[in-house]
Amino acid sequence: MKLSRLNRLIFLILPLLVFGLVSCDLINPKEEGPNDLGGDTDITISKPGNTYSADVSFNGTPMDLKDSIYIKKNDDGIVTMHISIATSGLSYKSLIPSQFTDAQGNIDTDVNFKVTSEGMQDFLYSDQDLSKPFTIVKYADGVGTKYEFTSKNGNKVTREITEKNEKDEWPLVFWKIKTQKIEETPDIAGVAKVIYRANHKYGLVYIEFILKDGTSVKIDLTPWAMV
């Protein structure tokens, strides 16, 4: 039986319409927001069992603190890190939120991050609500990129990439690496600014808290599995 011209036209058009409906997201993909993060989640930096060390200094004076930092698990990029730091003799330890400390005031807590080949996020300002990530950095982003988040207190927190080194300048153990510098206007009592340094291979390698009285607390992080 021969098909009429109309039937043949319908048979030609229908597959195109179906393909168009199915593939519209491919043609016009959803724009990624600043707190959306893709990338590979099976990367070396976030393997369970990886250990880190934290070298802490106050106003340039090193503090000899006992610490234990390791990755407990990685659930499709959601990394649970256990942090244990003895705070005896630590100045300003009253600024450490109580949910991160034990009965003696030592830091003893699990903290979640999202870690992928494209960047890092945390959940600090949402009380570890995994449905509300806040981007620390996306490695492909350049200077001037901002990430914003409304904290549980209703205040806006902004993180901005203020520096992106194209040369190996930042010291990490025996090497020097490229880093991005991220500056945060925080919603943390007593803290005026937070500064991060991140590298596409080693992740977060530095955090600095600048307190409202001018005190500087610097933390150099070493991911031993990578070095």
# chains A, B, ... in the order shown; residues from 1 in each chain; ligands from 1
call {"tool": "closest_atom_pairs", "arguments": {"of": "range 29-52 of chain A", "to": "range 144-166 of chain A", "cutoff": "12 Å", "atoms": "only C-alpha atoms", "output": "CSV"}}
result
residue,atom,partner,partner_atom,distance
A:Gly33,CA,A:Tyr147,CA,9.3
A:Pro34,CA,A:Tyr147,CA,5.7
A:Asn35,CA,A:Tyr147,CA,7.0
A:Asp36,CA,A:Tyr147,CA,10.4
A:Leu37,CA,A:Tyr147,CA,11.9
call {"tool": "write_last_selection", "arguments": {"atoms": "N, CA and C atoms", "output": "mmCIF file, in the first residue's frame"}}
result
data_model
loop_
_atom_site.group_PDB
_atom_site.id
_atom_site.type_symbol
_atom_site.label_atom_id
_atom_site.label_comp_id
_atom_site.auth_asym_id
_atom_site.auth_seq_id
_atom_site.Cartn_x
_atom_site.Cartn_y
_atom_site.Cartn_z
ATOM 1 N N GLY A 33 24.886 27.078 37.746
ATOM 2 C CA GLY A 33 24.961 28.163 38.711
ATOM 3 C C GLY A 33 26.273 28.127 39.476
ATOM 4 N N PRO A 34 26.585 29.179 40.231
ATOM 5 C CA PRO A 34 27.850 29.234 40.966
ATOM 6 C C PRO A 34 27.976 28.161 42.036
ATOM 7 N N ASN A 35 26.843 27.648 42.536
ATOM 8 C CA ASN A 35 26.901 26.599 43.548
ATOM 9 C C ASN A 35 26.486 25.233 43.002
ATOM 10 N N ASP A 36 26.618 25.076 41.676
ATOM 11 C CA ASP A 36 26.528 23.767 41.030
ATOM 12 C C ASP A 36 27.957 23.329 40.728
ATOM 13 N N LEU A 37 28.237 22.041 40.930
ATOM 14 C CA LEU A 37 29.599 21.558 40.712
ATOM 15 C C LEU A 37 29.577 20.184 40.081
#
call {"tool": "residues_around", "arguments": {"residues": "range 198-208 of chain A", "least_positions_apart": "6", "cutoff": "10 Å", "atoms": "only C-alpha atoms", "output": "PyMOL selection string"}}
result
chain A and resi 43-46+52+54-58+115-120+136-140+164-165+170-172+177-183+216-227
call {"tool": "atom_distance", "arguments": {"atom1": "CA of Ile69 in chain A", "atom2": "CA of Gly105 in chain A"}}
result
17.0 Å
call {"tool": "select_by_dssp", "arguments": {"residues": "range 74-200 of chain A", "states": "helix (DSSP H, G or I)", "output": "VMD selection string"}}
result
chain A and resid 93 to 95 98 to 100 124 to 126
call {"tool": "write_last_selection", "arguments": {"atoms": "N, CA, C and O atoms", "output": "PDB file, in the first residue's frame"}}
result
ATOM      1  N   LYS A  93      40.299  30.117  71.406  1.00  0.00           N
ATOM      2  CA  LYS A  93      39.543  28.891  71.151  1.00  0.00           C
ATOM      3  C   LYS A  93      38.060  29.062  71.474  1.00  0.00           C
ATOM      4  O   LYS A  93      37.242  28.255  71.045  1.00  0.00           O
ATOM      5  N   SER A  94      37.725  30.128  72.198  1.00  0.00           N
ATOM      6  CA  SER A  94      36.307  30.401  72.479  1.00  0.00           C
ATOM      7  C   SER A  94      35.543  30.742  71.204  1.00  0.00           C
ATOM      8  O   SER A  94      34.307  30.677  71.171  1.00  0.00           O
ATOM      9  N   LEU A  95      36.270  31.101  70.134  1.00  0.00           N
ATOM     10  CA  LEU A  95      35.614  31.426  68.864  1.00  0.00           C
ATOM     11  C   LEU A  95      35.224  30.176  68.084  1.00  0.00           C
ATOM     12  O   LEU A  95      34.474  30.256  67.121  1.00  0.00           O
ATOM     13  N   SER A  98      30.770  25.509  69.155  1.00  0.00           N
ATOM     14  CA  SER A  98      30.686  24.382  70.086  1.00  0.00           C
ATOM     15  C   SER A  98      30.373  23.055  69.402  1.00  0.00           C
ATOM     16  O   SER A  98      30.740  21.994  69.912  1.00  0.00           O
ATOM     17  N   GLN A  99      29.698  23.100  68.242  1.00  0.00           N
ATOM     18  CA  GLN A  99      29.366  21.837  67.565  1.00  0.00           C
ATOM     19  C   GLN A  99      30.600  21.127  67.018  1.00  0.00           C
ATOM     20  O   GLN A  99      30.531  19.969  66.614  1.00  0.00           O
ATOM     21  N   PHE A 100      31.751  21.820  67.008  1.00  0.00           N
ATOM     22  CA  PHE A 100      32.978  21.218  66.512  1.00  0.00           C
ATOM     23  C   PHE A 100      33.904  20.747  67.628  1.00  0.00           C
ATOM     24  O   PHE A 100      34.997  20.250  67.361  1.00  0.00           O
ATOM     25  N   LEU A 124      29.343  24.477  55.556  1.00  0.00           N
ATOM     26  CA  LEU A 124      29.494  25.116  56.857  1.00  0.00           C
ATOM     27  C   LEU A 124      28.321  26.015  57.201  1.00  0.00           C
ATOM     28  O   LEU A 124      27.804  25.978  58.318  1.00  0.00           O
ATOM     29  N   TYR A 125      27.891  26.816  56.242  1.00  0.00           N
ATOM     30  CA  TYR A 125      26.878  27.828  56.539  1.00  0.00           C
ATOM     31  C   TYR A 125      25.456  27.288  56.494  1.00  0.00           C
ATOM     32  O   TYR A 125      24.495  28.041  56.701  1.00  0.00           O
ATOM     33  N   SER A 126      25.300  25.994  56.213  1.00  0.00           N
ATOM     34  CA  SER A 126      23.973  25.381  56.231  1.00  0.00           C
ATOM     35  C   SER A 126      23.883  24.290  57.282  1.00  0.00           C
ATOM     36  O   SER A 126      22.991  23.452  57.229  1.00  0.00           O
TER      37      SER A 126
END
call {"tool": "closest_residue", "arguments": {"among": "A:Pro97, A:Ala86, A:Glu184, A:Gly60", "to": "Phe134 in chain A", "atoms": "only C-alpha atoms"}}
result
A:Glu184
call {"tool": "select_by_dssp", "arguments": {"residues": "range 56-208 of chain A", "states": "strand (DSSP E)", "output": "compact mmCIF listing (two decimals) with N, CA and C atoms, in the first residue's frame"}}
result
# COMPACT_ATOMS: atom_id res chain seq x y z
N VAL A 56 49.63 25.23 62.22
CA VAL A 56 48.88 26.41 62.65
C VAL A 56 49.84 27.45 63.23
N SER A 57 49.60 28.71 62.88
CA SER A 57 50.38 29.80 63.48
C SER A 57 49.46 30.95 63.84
N PHE A 58 49.81 31.65 64.94
CA PHE A 58 49.08 32.82 65.40
C PHE A 58 49.99 34.04 65.25
N THR A 61 53.50 33.16 64.72
CA THR A 61 54.15 32.27 65.69
C THR A 61 53.58 30.86 65.56
N PRO A 62 54.41 29.86 65.21
CA PRO A 62 53.90 28.49 65.06
C PRO A 62 53.39 27.93 66.39
N MET A 63 52.32 27.15 66.30
CA MET A 63 51.74 26.48 67.47
C MET A 63 51.94 24.98 67.32
N ASP A 67 47.35 17.04 66.03
CA ASP A 67 46.18 16.98 65.14
C ASP A 67 46.10 15.64 64.44
N SER A 68 44.89 15.28 64.08
CA SER A 68 44.63 14.08 63.29
C SER A 68 43.52 14.43 62.30
N ILE A 69 43.87 14.41 61.02
CA ILE A 69 42.90 14.77 59.99
C ILE A 69 42.94 13.69 58.92
N TYR A 70 41.79 13.08 58.64
CA TYR A 70 41.76 12.04 57.63
C TYR A 70 40.36 11.95 57.01
N ILE A 71 40.31 11.36 55.84
CA ILE A 71 39.04 11.18 55.14
C ILE A 71 38.41 9.85 55.56
N LYS A 72 37.20 9.93 56.13
CA LYS A 72 36.50 8.73 56.59
C LYS A 72 35.79 8.02 55.45
N LYS A 73 35.15 8.79 54.57
CA LYS A 73 34.43 8.15 53.46
C LYS A 73 34.21 9.15 52.34
N ASN A 74 33.91 8.61 51.18
CA ASN A 74 33.59 9.40 50.00
C ASN A 74 32.37 8.79 49.35
N ASP A 75 31.25 9.49 49.43
CA ASP A 75 30.00 9.01 48.87
C ASP A 75 29.67 9.82 47.62
N ILE A 78 30.81 13.36 47.95
CA ILE A 78 30.57 13.96 49.26
C ILE A 78 31.55 13.33 50.25
N VAL A 79 32.55 14.10 50.61
CA VAL A 79 33.65 13.59 51.42
C VAL A 79 33.43 13.94 52.88
N THR A 80 33.53 12.95 53.74
CA THR A 80 33.47 13.17 55.19
C THR A 80 34.88 13.14 55.74
N MET A 81 35.29 14.27 56.31
CA MET A 81 36.64 14.39 56.87
C MET A 81 36.55 14.50 58.38
N HIS A 82 37.34 13.69 59.08
CA HIS A 82 37.38 13.81 60.54
C HIS A 82 38.55 14.69 60.93
N ILE A 83 38.27 15.66 61.80
CA ILE A 83 39.28 16.61 62.26
C ILE A 83 39.36 16.55 63.78
N SER A 84 40.55 16.28 64.26
CA SER A 84 40.79 16.25 65.70
C SER A 84 42.04 17.09 65.99
N ILE A 85 41.88 18.18 66.77
CA ILE A 85 42.99 19.06 67.09
C ILE A 85 42.93 19.41 68.57
N ILE A 107 38.94 20.39 69.33
CA ILE A 107 38.21 20.16 68.08
C ILE A 107 38.15 18.66 67.82
N ASP A 108 36.95 18.14 67.65
CA ASP A 108 36.74 16.72 67.40
C ASP A 108 35.43 16.58 66.64
N THR A 109 35.51 16.55 65.32
CA THR A 109 34.29 16.64 64.53
C THR A 109 34.46 16.02 63.15
N ASP A 110 33.34 15.71 62.52
CA ASP A 110 33.29 15.33 61.12
C ASP A 110 32.79 16.52 60.32
N VAL A 111 33.44 16.82 59.22
CA VAL A 111 33.04 17.93 58.35
C VAL A 111 32.90 17.40 56.94
N ASN A 112 31.85 17.83 56.25
CA ASN A 112 31.59 17.37 54.90
C ASN A 112 32.02 18.40 53.85
N PHE A 113 32.56 17.89 52.77
CA PHE A 113 32.90 18.69 51.60
C PHE A 113 32.41 17.96 50.36
N LYS A 114 32.19 18.69 49.29
CA LYS A 114 32.05 18.05 47.98
C LYS A 114 33.35 18.32 47.24
N VAL A 115 33.98 17.25 46.79
CA VAL A 115 35.29 17.34 46.14
C VAL A 115 35.23 16.64 44.80
N THR A 116 35.51 17.36 43.72
CA THR A 116 35.53 16.77 42.38
C THR A 116 36.76 17.28 41.63
N GLY A 119 36.43 21.21 41.32
CA GLY A 119 36.46 22.19 42.40
C GLY A 119 36.07 21.60 43.74
N MET A 120 35.77 22.50 44.69
CA MET A 120 35.43 22.10 46.06
C MET A 120 34.28 22.94 46.59
N GLN A 121 33.46 22.31 47.44
CA GLN A 121 32.37 23.00 48.13
C GLN A 121 32.33 22.57 49.58
N ASP A 122 31.72 23.40 50.44
CA ASP A 122 31.49 22.97 51.82
C ASP A 122 30.04 23.23 52.20
N PHE A 134 28.03 25.21 49.21
CA PHE A 134 28.55 26.55 48.99
C PHE A 134 29.94 26.38 48.38
N THR A 135 30.13 26.91 47.19
CA THR A 135 31.38 26.72 46.47
C THR A 135 32.54 27.47 47.12
N ILE A 136 33.63 26.75 47.33
CA ILE A 136 34.88 27.38 47.75
C ILE A 136 35.64 27.84 46.51
N VAL A 137 35.74 26.96 45.52
CA VAL A 137 36.45 27.31 44.28
C VAL A 137 36.05 26.36 43.17
N LYS A 138 36.03 26.89 41.96
CA LYS A 138 36.02 26.08 40.74
C LYS A 138 37.33 26.41 40.02
N LYS A 146 32.70 35.33 41.69
CA LYS A 146 32.14 35.36 43.04
C LYS A 146 31.17 34.20 43.24
N TYR A 147 31.17 33.66 44.45
CA TYR A 147 30.21 32.65 44.88
C TYR A 147 29.49 33.22 46.09
N GLU A 148 28.17 33.17 46.08
CA GLU A 148 27.39 33.76 47.17
C GLU A 148 26.47 32.74 47.80
N PHE A 149 26.18 32.95 49.08
CA PHE A 149 25.36 32.01 49.83
C PHE A 149 24.68 32.77 50.97
N THR A 150 23.44 32.41 51.26
CA THR A 150 22.75 32.99 52.41
C THR A 150 22.87 32.02 53.58
N LYS A 156 24.21 37.29 53.94
CA LYS A 156 24.88 36.90 52.70
C LYS A 156 26.37 36.77 52.92
N VAL A 157 26.91 35.63 52.48
CA VAL A 157 28.34 35.37 52.55
C VAL A 157 28.86 35.33 51.11
N THR A 158 29.96 36.03 50.87
CA THR A 158 30.54 36.08 49.52
C THR A 158 31.95 35.55 49.53
N ARG A 159 32.25 34.70 48.56
CA ARG A 159 33.61 34.25 48.30
C ARG A 159 34.00 34.71 46.90
N GLU A 160 35.20 35.27 46.78
CA GLU A 160 35.65 35.80 45.50
C GLU A 160 37.08 35.37 45.22
N ILE A 161 37.32 34.93 43.98
CA ILE A 161 38.68 34.62 43.55
C ILE A 161 39.40 35.94 43.30
N THR A 162 40.43 36.20 44.08
CA THR A 162 41.15 37.48 43.97
C THR A 162 42.54 37.31 43.36
N GLU A 163 42.95 36.07 43.15
CA GLU A 163 44.27 35.82 42.57
C GLU A 163 44.29 34.43 41.97
N LYS A 164 44.93 34.30 40.81
CA LYS A 164 45.09 32.99 40.18
C LYS A 164 46.50 32.94 39.60
N TRP A 170 53.43 28.86 45.23
CA TRP A 170 53.03 28.58 46.60
C TRP A 170 53.78 27.37 47.15
N PRO A 171 54.42 27.47 48.33
CA PRO A 171 55.20 26.35 48.86
C PRO A 171 54.31 25.24 49.42
N LEU A 172 54.62 24.01 49.03
CA LEU A 172 53.96 22.83 49.58
C LEU A 172 55.03 21.77 49.80
N TRP A 175 57.96 21.36 47.29
CA TRP A 175 57.62 21.85 45.96
C TRP A 175 56.96 23.22 46.02
N LYS A 176 56.73 23.78 44.86
CA LYS A 176 55.91 24.97 44.72
C LYS A 176 54.82 24.67 43.70
N ILE A 177 53.63 25.19 43.98
CA ILE A 177 52.48 24.86 43.15
C ILE A 177 51.71 26.12 42.76
N GLN A 180 44.90 29.24 43.51
CA GLN A 180 43.91 30.31 43.44
C GLN A 180 43.67 30.82 44.85
N LYS A 181 43.60 32.12 44.99
CA LYS A 181 43.31 32.73 46.29
C LYS A 181 41.85 33.14 46.31
N ILE A 182 41.14 32.69 47.36
CA ILE A 182 39.72 33.00 47.51
C ILE A 182 39.54 33.76 48.82
N GLU A 183 38.89 34.91 48.76
CA GLU A 183 38.64 35.71 49.97
C GLU A 183 37.15 35.70 50.29
N GLU A 184 36.86 35.50 51.56
CA GLU A 184 35.48 35.37 52.02
C GLU A 184 35.13 36.46 53.02
N THR A 185 33.95 37.04 52.86
CA THR A 185 33.38 37.91 53.89
C THR A 185 32.45 37.02 54.71
N VAL A 191 35.15 37.08 63.38
CA VAL A 191 36.03 36.89 62.22
C VAL A 191 35.68 37.93 61.15
N ALA A 192 36.72 38.65 60.69
CA ALA A 192 36.50 39.69 59.69
C ALA A 192 36.66 39.17 58.27
N LYS A 193 37.56 38.21 58.06
CA LYS A 193 37.82 37.69 56.71
C LYS A 193 38.39 36.28 56.81
N VAL A 194 38.08 35.48 55.78
CA VAL A 194 38.69 34.16 55.64
C VAL A 194 39.35 34.11 54.26
N ILE A 195 40.58 33.58 54.23
CA ILE A 195 41.32 33.46 52.97
C ILE A 195 41.65 31.99 52.74
N TYR A 196 41.39 31.53 51.52
CA TYR A 196 41.69 30.15 51.14
C TYR A 196 42.71 30.15 50.00
N ARG A 197 43.51 29.07 49.94
CA ARG A 197 44.35 28.80 48.77
C ARG A 197 44.03 27.39 48.31
N ALA A 198 43.80 27.22 47.01
CA ALA A 198 43.43 25.91 46.47
C ALA A 198 44.21 25.63 45.20
N ASN A 199 44.43 24.35 44.96
CA ASN A 199 45.14 23.88 43.78
C ASN A 199 44.34 22.76 43.13
N GLY A 203 43.91 20.25 46.05
CA GLY A 203 42.73 20.74 46.77
C GLY A 203 43.06 21.94 47.64
N LEU A 204 42.45 21.99 48.82
CA LEU A 204 42.64 23.11 49.74
C LEU A 204 43.97 22.94 50.47
N VAL A 205 44.85 23.94 50.34
CA VAL A 205 46.18 23.82 50.95
C VAL A 205 46.44 24.91 52.01
N TYR A 206 45.49 25.84 52.17
CA TYR A 206 45.74 26.94 53.12
C TYR A 206 44.42 27.60 53.49
N ILE A 207 44.29 27.92 54.80
CA ILE A 207 43.15 28.71 55.29
C ILE A 207 43.71 29.73 56.28
N GLU A 208 43.25 30.95 56.16
CA GLU A 208 43.64 31.99 57.11
C GLU A 208 42.39 32.70 57.63
call {"tool": "atom_distance", "arguments": {"atom1": "CA of Asp168 in chain A", "atom2": "CA of Gly77 in chain A"}}
result
27.2 Å
call {"tool": "atom_distance", "arguments": {"atom1": "CA of Pro186 in chain A", "atom2": "CA of Phe123 in chain A"}}
result
13.4 Å
